[in-house]
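*Asks:* The following file, structure-v6.txt, comprises compact mmCIF, C-alpha atoms:
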```txt
# COMPACT_ATOMS: atom_id res chain seq x y z
CA MET A 1 0.00 0.00 0.00
CA ASP A 2 1.50 3.32 -1.01
CA ALA A 3 1.88 6.33 1.27
CA ALA A 4 -0.77 8.37 -0.54
CA THR A 5 -3.42 5.67 0.01
CA LEU A 6 -2.53 5.36 3.68
CA ASP A 7 -2.63 9.15 4.11
CA HIS A 8 -6.10 9.19 2.52
CA LEU A 9 -7.34 6.45 4.86
CA ARG A 10 -6.04 8.38 7.87
CA THR A 11 -8.31 11.31 7.01
CA TRP A 12 -11.05 9.12 8.54
CA ILE A 13 -9.44 9.43 11.99
CA GLY A 14 -11.80 11.47 14.17
CA LYS A 15 -14.89 10.69 12.08
CA SER A 16 -17.83 10.01 14.40
CA VAL A 17 -21.41 8.77 14.44
CA SER A 18 -24.04 8.37 17.15
CA ASP A 19 -27.22 6.36 17.62
CA GLU A 20 -29.89 5.62 20.21
CA ASP A 21 -31.58 2.32 21.08
CA VAL A 22 -33.63 0.64 23.80
CA ILE A 23 -31.93 -2.32 25.49
CA SER A 24 -34.85 -4.62 24.69
CA VAL A 25 -35.59 -7.49 27.07
CA ARG A 26 -37.02 -9.54 24.21
CA HIS A 27 -33.81 -9.18 22.18
CA ALA A 28 -31.75 -10.24 25.21
CA ARG A 29 -33.96 -13.31 25.67
CA LEU A 30 -33.30 -14.29 22.06
CA MET A 31 -29.58 -13.92 22.76
CA ALA A 32 -29.90 -16.08 25.89
CA ALA A 33 -31.51 -18.82 23.79
CA THR A 34 -28.80 -18.51 21.12
CA VAL A 35 -25.86 -18.95 23.51
CA ASP A 36 -27.72 -21.31 25.91
CA TYR A 37 -27.28 -18.81 28.74
CA GLY A 38 -29.13 -21.03 31.18
CA ARG A 39 -30.33 -18.27 33.52
CA PRO A 40 -33.50 -16.91 31.86
CA GLU A 41 -34.82 -15.62 35.19
CA ARG A 42 -32.10 -12.94 35.05
CA ILE A 43 -33.33 -11.57 31.69
CA VAL A 44 -35.94 -9.16 33.02
CA ALA A 45 -36.45 -5.41 32.91
CA GLY A 46 -34.06 -3.59 35.24
CA ALA A 47 -31.57 -6.47 35.41
CA PRO A 48 -27.98 -5.89 34.19
CA LEU A 49 -27.16 -6.79 30.62
CA PRO A 50 -24.54 -9.62 30.52
CA PRO A 51 -21.06 -8.63 29.28
CA LEU A 52 -20.67 -7.97 25.54
CA TRP A 53 -24.37 -8.43 24.85
CA HIS A 54 -24.44 -4.73 23.93
CA TRP A 55 -23.23 -5.94 20.51
CA ILE A 56 -26.79 -7.04 19.67
CA TYR A 57 -28.04 -3.44 19.91
CA PHE A 58 -27.42 -0.20 17.94
CA LEU A 59 -27.53 -2.10 14.64
CA ASP A 60 -26.97 -0.56 11.19
CA ALA A 61 -29.78 -1.23 8.72
CA LEU A 62 -28.60 -0.30 5.23
CA PRO A 63 -30.50 -1.19 2.04
CA PRO A 64 -28.94 -3.74 -0.36
CA GLY A 65 -27.57 -1.04 -2.65
CA GLU A 66 -25.37 0.27 0.16
CA LEU A 67 -23.71 -3.06 0.93
CA GLY A 68 -20.39 -4.36 -0.34
CA ARG A 69 -19.75 -7.72 -1.98
CA ASP A 70 -18.97 -9.27 1.42
CA GLY A 71 -22.35 -8.27 2.90
CA HIS A 72 -20.88 -5.56 5.14
CA PRO A 73 -21.80 -1.89 4.59
CA ALA A 74 -19.92 -0.56 1.57
CA ARG A 75 -16.59 1.00 2.55
CA GLY A 76 -16.06 4.71 2.62
CA GLY A 77 -18.93 5.63 4.94
CA PHE A 78 -18.12 5.68 8.64
CA LEU A 79 -15.31 3.14 8.13
CA PRO A 80 -12.50 4.00 5.70
CA PRO A 81 -12.31 2.45 2.19
CA VAL A 82 -9.42 0.08 2.94
CA PRO A 83 -8.41 -1.56 -0.40
CA LEU A 84 -7.90 -5.06 1.09
CA SER A 85 -10.58 -7.65 0.47
CA ASN A 86 -11.15 -9.38 3.83
CA ARG A 87 -12.42 -7.68 6.99
CA MET A 88 -12.45 -9.37 10.42
CA TRP A 89 -12.77 -8.53 14.12
CA ALA A 90 -9.24 -8.56 15.51
CA GLY A 91 -9.94 -7.85 19.18
CA GLY A 92 -10.67 -5.11 21.61
CA ARG A 93 -10.66 -3.69 25.12
CA VAL A 94 -13.92 -3.06 26.98
CA SER A 95 -14.53 -1.32 30.31
CA PHE A 96 -17.92 -1.84 31.99
CA LEU A 97 -18.14 1.27 34.14
CA LYS A 98 -21.82 1.08 35.07
CA ALA A 99 -24.34 -1.69 34.52
CA ILE A 100 -26.57 -1.34 31.45
CA GLU A 101 -30.13 -2.00 32.59
CA LEU A 102 -32.40 -4.14 30.46
CA GLY A 103 -35.26 -2.05 29.13
CA ALA A 104 -33.37 1.24 29.36
CA PRO A 105 -32.90 3.71 26.49
CA MET A 106 -29.22 4.28 25.67
CA ARG A 107 -27.02 6.31 23.35
CA LYS A 108 -23.93 5.05 21.52
CA GLU A 109 -21.20 7.39 20.27
CA SER A 110 -18.51 5.98 17.97
CA ARG A 111 -15.30 7.58 16.69
CA ILE A 112 -12.36 6.38 14.56
CA LEU A 113 -9.34 6.45 16.90
CA ASN A 114 -6.50 5.13 14.78
CA ILE A 115 -5.56 3.54 11.43
CA GLU A 116 -2.35 1.52 11.28
CA HIS A 117 -0.64 -0.33 8.43
CA LYS A 118 1.46 -3.45 9.12
CA GLN A 119 3.24 -6.13 7.11
CA GLY A 120 2.33 -9.54 8.54
CA ARG A 121 3.37 -13.08 7.68
CA SER A 122 0.28 -13.37 5.49
CA GLY A 123 0.81 -10.02 3.72
CA GLU A 124 -0.43 -6.49 4.23
CA LEU A 125 -2.67 -5.69 7.19
CA VAL A 126 -4.58 -2.53 8.05
CA PHE A 127 -5.92 -2.13 11.59
CA VAL A 128 -8.74 0.33 12.25
CA THR A 129 -9.49 1.08 15.91
CA VAL A 130 -12.93 2.45 16.75
CA LEU A 131 -13.91 3.92 20.12
CA HIS A 132 -17.49 3.16 21.21
CA GLU A 133 -19.05 4.79 24.26
CA LEU A 134 -22.46 3.71 25.57
CA LYS A 135 -24.23 6.26 27.73
CA THR A 136 -27.57 6.73 29.41
CA LEU A 137 -29.72 9.54 28.10
CA GLN A 138 -28.58 11.44 31.21
CA ASP A 139 -25.02 11.19 29.83
CA GLU A 140 -23.70 8.60 32.34
CA LEU A 141 -20.95 6.55 30.71
CA CYS A 142 -21.64 2.81 31.06
CA VAL A 143 -19.32 1.13 28.56
CA ARG A 144 -16.09 2.30 26.93
CA GLU A 145 -14.85 0.03 24.17
CA GLU A 146 -11.89 0.13 21.80
CA HIS A 147 -12.67 -2.20 18.90
CA ASP A 148 -9.91 -3.34 16.52
CA ILE A 149 -10.88 -4.29 12.96
CA VAL A 150 -8.30 -5.89 10.66
CA TYR A 151 -8.30 -5.85 6.86
CA ARG A 152 -6.16 -8.23 4.78
CA ASP A 153 -6.02 -9.77 1.32
CA ALA A 154 -7.85 -13.06 0.72
CA ARG A 155 -5.69 -16.12 1.29
CA PRO A 156 -6.07 -19.39 3.19
CA PRO A 157 -5.78 -18.65 6.93
CA SER A 158 -2.77 -19.97 8.82
CA GLY A 159 -3.07 -22.78 11.32
CA GLY A 160 -2.48 -20.49 14.28
CA ALA A 161 -0.65 -21.11 17.52
CA SER A 162 -0.80 -24.44 19.34
CA PHE A 163 -2.17 -24.74 22.86
CA PRO A 164 -0.75 -27.32 25.29
CA ALA A 165 -2.82 -30.50 25.49
CA GLU A 166 -2.25 -30.68 29.27
CA VAL A 167 -4.61 -28.40 31.17
CA PRO A 168 -2.85 -26.76 34.15
CA GLY A 169 -4.31 -27.61 37.56
CA GLY A 170 -6.95 -25.24 38.89
CA GLU A 171 -8.32 -24.33 35.48
CA PHE A 172 -11.99 -24.43 34.55
CA VAL A 173 -12.82 -25.99 31.18
CA ARG A 174 -16.01 -26.16 29.14
CA SER A 175 -16.61 -26.97 25.47
CA TYR A 176 -19.28 -26.06 22.97
CA THR A 177 -19.76 -26.94 19.31
CA PRO A 178 -21.39 -24.14 17.27
CA THR A 179 -23.95 -25.23 14.69
CA SER A 180 -25.12 -23.53 11.51
CA THR A 181 -28.34 -22.65 13.39
CA MET A 182 -26.34 -20.91 16.11
CA LEU A 183 -24.37 -18.93 13.51
CA PHE A 184 -27.60 -17.98 11.72
CA ARG A 185 -29.22 -16.82 14.95
CA TYR A 186 -26.19 -14.78 16.03
CA SER A 187 -25.92 -13.15 12.58
CA ALA A 188 -29.62 -12.28 12.78
CA LEU A 189 -29.35 -10.88 16.31
CA THR A 190 -26.42 -8.66 15.34
CA PHE A 191 -27.81 -7.91 11.84
CA ASN A 192 -24.44 -9.10 10.54
CA GLY A 193 -24.59 -9.64 6.78
CA HIS A 194 -20.98 -10.83 6.43
CA ARG A 195 -21.25 -13.77 4.05
CA ILE A 196 -18.48 -15.80 5.71
CA HIS A 197 -21.02 -16.79 8.37
CA TYR A 198 -23.72 -18.25 6.06
CA ASP A 199 -22.52 -18.55 2.43
CA GLN A 200 -20.24 -21.59 2.00
CA ALA A 201 -19.45 -20.92 -1.66
CA TYR A 202 -18.37 -17.36 -0.83
CA CYS A 203 -16.22 -18.65 2.07
CA ARG A 204 -14.35 -21.08 -0.16
CA GLU A 205 -14.13 -19.19 -3.43
CA ILE A 206 -13.63 -15.60 -2.25
CA GLU A 207 -12.23 -15.47 1.29
CA GLY A 208 -10.33 -18.77 1.38
CA TYR A 209 -12.08 -20.61 4.24
CA HIS A 210 -13.15 -24.24 3.78
CA ASN A 211 -16.42 -23.77 5.68
CA LEU A 212 -18.48 -21.13 7.48
CA VAL A 213 -16.58 -18.99 9.99
CA ILE A 214 -17.69 -18.82 13.62
CA HIS A 215 -18.13 -15.19 14.65
CA GLY A 216 -15.19 -13.76 16.59
CA PRO A 217 -17.54 -11.69 18.80
CA LEU A 218 -19.55 -14.83 19.55
CA ASN A 219 -16.45 -16.55 20.95
CA ALA A 220 -15.53 -13.38 22.86
CA THR A 221 -19.03 -13.28 24.36
CA MET A 222 -18.81 -16.93 25.40
CA LEU A 223 -15.48 -16.22 27.13
CA ALA A 224 -16.78 -13.13 28.94
CA ASN A 225 -19.88 -14.96 30.16
CA TYR A 226 -17.68 -17.90 31.25
CA ALA A 227 -15.52 -15.50 33.28
CA GLU A 228 -18.61 -14.45 35.26
CA GLU A 229 -19.74 -18.06 35.63
CA VAL A 230 -16.47 -19.40 37.07
CA SER A 231 -15.74 -16.35 39.24
CA GLY A 232 -19.25 -15.71 40.51
CA ALA A 233 -18.53 -12.00 40.04
CA ARG A 234 -19.27 -9.24 37.52
CA VAL A 235 -16.88 -8.54 34.66
CA VAL A 236 -15.77 -4.89 34.83
CA ALA A 237 -13.04 -5.04 32.17
CA PHE A 238 -12.43 -7.41 29.29
CA SER A 239 -9.71 -7.51 26.64
CA TYR A 240 -9.56 -10.08 23.87
CA ARG A 241 -7.54 -10.90 20.76
CA GLY A 242 -8.43 -13.22 17.91
CA VAL A 243 -5.52 -15.53 17.07
CA SER A 244 -6.95 -18.01 14.55
CA PRO A 245 -10.42 -18.37 13.00
CA ALA A 246 -12.81 -21.04 14.24
CA ILE A 247 -14.66 -22.87 11.47
CA LEU A 248 -18.05 -24.58 11.53
CA GLY A 249 -17.47 -28.16 12.69
CA ASP A 250 -14.84 -27.10 15.24
CA THR A 251 -15.45 -27.77 18.90
CA VAL A 252 -14.40 -24.72 20.91
CA THR A 253 -13.06 -25.36 24.41
CA LEU A 254 -13.13 -22.47 26.85
CA HIS A 255 -10.33 -22.39 29.44
CA ALA A 256 -10.45 -20.09 32.47
CA SER A 257 -8.07 -19.69 35.38
CA LEU A 258 -8.58 -17.42 38.39
CA SER A 259 -6.01 -15.29 40.17
CA GLY A 260 -7.61 -12.82 42.56
CA LYS A 261 -9.78 -10.48 40.50
CA CYS A 262 -8.17 -11.56 37.21
CA VAL A 263 -9.55 -14.30 34.97
CA SER A 264 -7.25 -15.54 32.20
CA LEU A 265 -9.21 -17.06 29.32
CA ARG A 266 -8.55 -18.96 26.11
CA ALA A 267 -10.73 -20.47 23.38
CA VAL A 268 -9.01 -23.53 21.90
CA LEU A 269 -10.03 -25.65 18.91
CA GLY A 270 -10.08 -29.45 18.86
CA SER A 271 -6.83 -29.49 16.90
CA GLY A 272 -5.10 -27.70 19.79
CA THR A 273 -5.07 -24.40 17.86
CA LEU A 274 -5.46 -21.29 19.99
CA CYS A 275 -8.46 -19.41 18.60
CA MET A 276 -8.82 -16.48 21.01
CA GLN A 277 -7.22 -15.29 24.22
CA ALA A 278 -8.67 -12.86 26.73
CA GLU A 279 -8.30 -11.33 30.17
CA ALA A 280 -11.18 -10.30 32.42
CA THR A 281 -11.22 -8.26 35.59
CA VAL A 282 -14.09 -9.10 37.95
CA GLU A 283 -15.47 -7.60 41.15
```
For the structure just supplied, provide its representation as structure tokens.

*Replies:*
Amino acid sequence: MDAATLDHLRTWIGKSVSDEDVISVRHARLMAATVDYGRPERIVAGAPLPPLWHWIYFLDALPPGELGRDGHPARGGFLPPVPLSNRMWAGGRVSFLKAIELGAPMRKESRILNIEHKQGRSGELVFVTVLHELKTLQDELCVREEHDIVYRDARPPSGGASFPAEVPGGEFVRSYTPTSTMLFRYSALTFNGHRIHYDQAYCREIEGYHNLVIHGPLNATMLANYAEEVSGARVVAFSYRGVSPAILGDTVTLHASLSGKCVSLRAVLGSGTLCMQAEATVE
């Protein structure tokens, strides 16, 4: 990527948008069914929204003519027109400063923080970092999130890092196997049109995956919810990084280990490949 292109992309830094939504109880109940939350009695008006479930709200609804080939909104609107074909969630850092109450109206303010170009083992990479702030209508900040999006050229994904087969003592472990129904439901809940999650021909022929891709934010959500489950406490900060994609047919094993208020987490595939790693702070 030449310097002029990168300079043009960086003109998007500082661009901002805002939106309002109601944290619908019904939508949260659909999410609970999708991820088999197991505690439906907690999904009631006034109860706190579980960590990372804010991703099912404040959804963009663009008509077909404003979508790109991949099913995402066409580039060059809020997000910069990065000239690399594949777009994925790379990771992020989230602070939960005040509980979001189910049923409450909220405002979301988003701003492009940074655009960075790197040369990786698989070729050129462009990282776009977006700041999201969720506030009450009285302007109380509830969630501050830095979301990293990575763009790269299409090519078969690497195998990723290996995770030790031996599980250290004191760790909590739980597995789940996403199905095509689960992927469909999560795409619907997040209004995510990215074709890698439902179009097998597109996955194989365009983006280089042999089957449907399990949503990165879905795995992050499972890890954050698992942190609360094993600690018995509320997640107040969560950072995560995608390491290798999980593909439909993979069993994802969640590993969690506790050390005081810190929960170290990993999502590992059946092959031993590390899919995602995360850290949670609880209180």

*Asks:* Give me the residues within 10 Å of segment 131-145 of chain A as a ChimeraX atom specification, counting only C-alpha atoms and dropping any in the same chain fewer than 6 places off.

*Replies:* /A:14,16-20,51-52,54,58,92-101,104-114,236-239

*Asks:* For Tyr176 of chain A, list every protein, DNA or RNA residue within 10 Å, evaluated using all atoms listed in the file, and leave out those in the same chain fewer than 4 positions away; present the list as a list of chain:residue names.

*Replies:* A:Val35, A:Met222, A:Asp250, A:Thr251, A:Val252, A:Thr253, A:Leu254

*Asks:* Neighbouring residues of segment 244-246 of chain A were defined as those with any atom within 12 Å, considering all atoms listed in the file; residues of the same chain fewer than 5 positions away were excluded. Please report them as a PDB file with C-alpha atoms, in the coordinates of the input.

*Replies:*
```pdb
ATOM      1  CA  MET A  88     -12.450  -9.370  10.420  1.00  0.00           C
ATOM      2  CA  TRP A  89     -12.770  -8.530  14.120  1.00  0.00           C
ATOM      3  CA  ALA A  90      -9.240  -8.560  15.510  1.00  0.00           C
ATOM      4  CA  GLY A  91      -9.940  -7.850  19.180  1.00  0.00           C
ATOM      5  CA  PRO A 156      -6.070 -19.390   3.190  1.00  0.00           C
ATOM      6  CA  PRO A 157      -5.780 -18.650   6.930  1.00  0.00           C
ATOM      7  CA  SER A 158      -2.770 -19.970   8.820  1.00  0.00           C
ATOM      8  CA  GLY A 159      -3.070 -22.780  11.320  1.00  0.00           C
ATOM      9  CA  GLY A 160      -2.480 -20.490  14.280  1.00  0.00           C
ATOM     10  CA  ALA A 161      -0.650 -21.110  17.520  1.00  0.00           C
ATOM     11  CA  SER A 162      -0.800 -24.440  19.340  1.00  0.00           C
ATOM     12  CA  PHE A 163      -2.170 -24.740  22.860  1.00  0.00           C
ATOM     13  CA  TYR A 176     -19.280 -26.060  22.970  1.00  0.00           C
ATOM     14  CA  THR A 177     -19.760 -26.940  19.310  1.00  0.00           C
ATOM     15  CA  PRO A 178     -21.390 -24.140  17.270  1.00  0.00           C
ATOM     16  CA  THR A 179     -23.950 -25.230  14.690  1.00  0.00           C
ATOM     17  CA  LEU A 183     -24.370 -18.930  13.510  1.00  0.00           C
ATOM     18  CA  ILE A 196     -18.480 -15.800   5.710  1.00  0.00           C
ATOM     19  CA  HIS A 197     -21.020 -16.790   8.370  1.00  0.00           C
ATOM     20  CA  GLY A 208     -10.330 -18.770   1.380  1.00  0.00           C
ATOM     21  CA  TYR A 209     -12.080 -20.610   4.240  1.00  0.00           C
ATOM     22  CA  HIS A 210     -13.150 -24.240   3.780  1.00  0.00           C
ATOM     23  CA  ASN A 211     -16.420 -23.770   5.680  1.00  0.00           C
ATOM     24  CA  LEU A 212     -18.480 -21.130   7.480  1.00  0.00           C
ATOM     25  CA  VAL A 213     -16.580 -18.990   9.990  1.00  0.00           C
ATOM     26  CA  ILE A 214     -17.690 -18.820  13.620  1.00  0.00           C
ATOM     27  CA  HIS A 215     -18.130 -15.190  14.650  1.00  0.00           C
ATOM     28  CA  GLY A 216     -15.190 -13.760  16.590  1.00  0.00           C
ATOM     29  CA  PRO A 217     -17.540 -11.690  18.800  1.00  0.00           C
ATOM     30  CA  LEU A 218     -19.550 -14.830  19.550  1.00  0.00           C
ATOM     31  CA  ASN A 219     -16.450 -16.550  20.950  1.00  0.00           C
ATOM     32  CA  ALA A 220     -15.530 -13.380  22.860  1.00  0.00           C
ATOM     33  CA  THR A 251     -15.450 -27.770  18.900  1.00  0.00           C
ATOM     34  CA  VAL A 252     -14.400 -24.720  20.910  1.00  0.00           C
ATOM     35  CA  THR A 253     -13.060 -25.360  24.410  1.00  0.00           C
ATOM     36  CA  ARG A 266      -8.550 -18.960  26.110  1.00  0.00           C
ATOM     37  CA  ALA A 267     -10.730 -20.470  23.380  1.00  0.00           C
ATOM     38  CA  VAL A 268      -9.010 -23.530  21.900  1.00  0.00           C
ATOM     39  CA  LEU A 269     -10.030 -25.650  18.910  1.00  0.00           C
ATOM     40  CA  GLY A 270     -10.080 -29.450  18.860  1.00  0.00           C
ATOM     41  CA  SER A 271      -6.830 -29.490  16.900  1.00  0.00           C
ATOM     42  CA  GLY A 272      -5.100 -27.700  19.790  1.00  0.00           C
ATOM     43  CA  THR A 273      -5.070 -24.400  17.860  1.00  0.00           C
ATOM     44  CA  LEU A 274      -5.460 -21.290  19.990  1.00  0.00           C
ATOM     45  CA  CYS A 275      -8.460 -19.410  18.600  1.00  0.00           C
ATOM     46  CA  MET A 276      -8.820 -16.480  21.010  1.00  0.00           C
ATOM     47  CA  GLN A 277      -7.220 -15.290  24.220  1.00  0.00           C
TER      48      GLN A 277
END
```

*Asks:* As an exercise, work out the distance from atom CA of Leu84 of chain A to atom CA of Ala188 of chain A in Å and give it to one decimal place.

*Replies:*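 Computing the Euclidean distance for atom CA of Leu84 of chain A and atom CA of Ala188 of chain A yields 25.7 Å.
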
*Asks:* Just want the 12 Å neighbourhood of Pro80 of chain A, counted on all atoms listed in the file, with same-chain residues fewer than 5 positions away dropped. Output as a short mmCIF file (atom, residue, chain, number, x, y, z; two decimals) with C-alpha atoms, keeping the file's coordinate frame.

*Replies:*
```cif
data_model
loop_
_atom_site.label_atom_id
_atom_site.label_comp_id
_atom_site.auth_asym_id
_atom_site.auth_seq_id
_atom_site.Cartn_x
_atom_site.Cartn_y
_atom_site.Cartn_z
CA THR A 5 -3.42 5.67 0.01
CA LEU A 6 -2.53 5.36 3.68
CA ASP A 7 -2.63 9.15 4.11
CA HIS A 8 -6.10 9.19 2.52
CA LEU A 9 -7.34 6.45 4.86
CA ARG A 10 -6.04 8.38 7.87
CA THR A 11 -8.31 11.31 7.01
CA TRP A 12 -11.05 9.12 8.54
CA ILE A 13 -9.44 9.43 11.99
CA GLY A 14 -11.80 11.47 14.17
CA LYS A 15 -14.89 10.69 12.08
CA SER A 16 -17.83 10.01 14.40
CA PRO A 73 -21.80 -1.89 4.59
CA ALA A 74 -19.92 -0.56 1.57
CA ARG A 75 -16.59 1.00 2.55
CA ARG A 87 -12.42 -7.68 6.99
CA ARG A 111 -15.30 7.58 16.69
CA ILE A 112 -12.36 6.38 14.56
CA LEU A 113 -9.34 6.45 16.90
CA ASN A 114 -6.50 5.13 14.78
CA ILE A 115 -5.56 3.54 11.43
CA GLU A 116 -2.35 1.52 11.28
CA VAL A 126 -4.58 -2.53 8.05
CA PHE A 127 -5.92 -2.13 11.59
CA VAL A 128 -8.74 0.33 12.25
CA THR A 129 -9.49 1.08 15.91
CA VAL A 130 -12.93 2.45 16.75
CA ILE A 149 -10.88 -4.29 12.96
CA VAL A 150 -8.30 -5.89 10.66
CA TYR A 151 -8.30 -5.85 6.86
#
```

*Asks:* Between A:Ile206, A:Leu49, A:Ile56, A:Ile43, single out the one closest to Val235 of chain A, counting all atoms listed in the file.

*Replies:*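 So, comparing all the options, the nearest one is A:Leu49.
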
*Asks:* As an exercise, work out the distance from atom CA of Asp70 of chain A to atom CA of Val243 of chain A in Å and give it to one decimal place.

*Replies:*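 For atom CA of Asp70 of chain A relative to atom CA of Val243 of chain A, the distance reads 21.6 Å.
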
*Asks:* Could you check how far atom CA of Ser231 of chain A sits from atom CA of Arg42 of chain A, in Å to one decimal?

*Replies:*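 The value is 17.2 Å.
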
*Asks:* At a cut-off of 12 Å, using all atoms listed in the file, what residues contact Gly260 of chain A? Leave out same-chain residues fewer than 5 positions from it and give the result as number ranges by chain.

*Replies:* A: 231, 233, 280-283

*Asks:* When you count all atoms listed in the file, which of these residues is closest to Leu265 of chain A: A:Val82, A:Leu62, A:Val230, A:Ile247?

*Replies:*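 For Leu265 of chain A, the nearest of the given residues is A:Val230.
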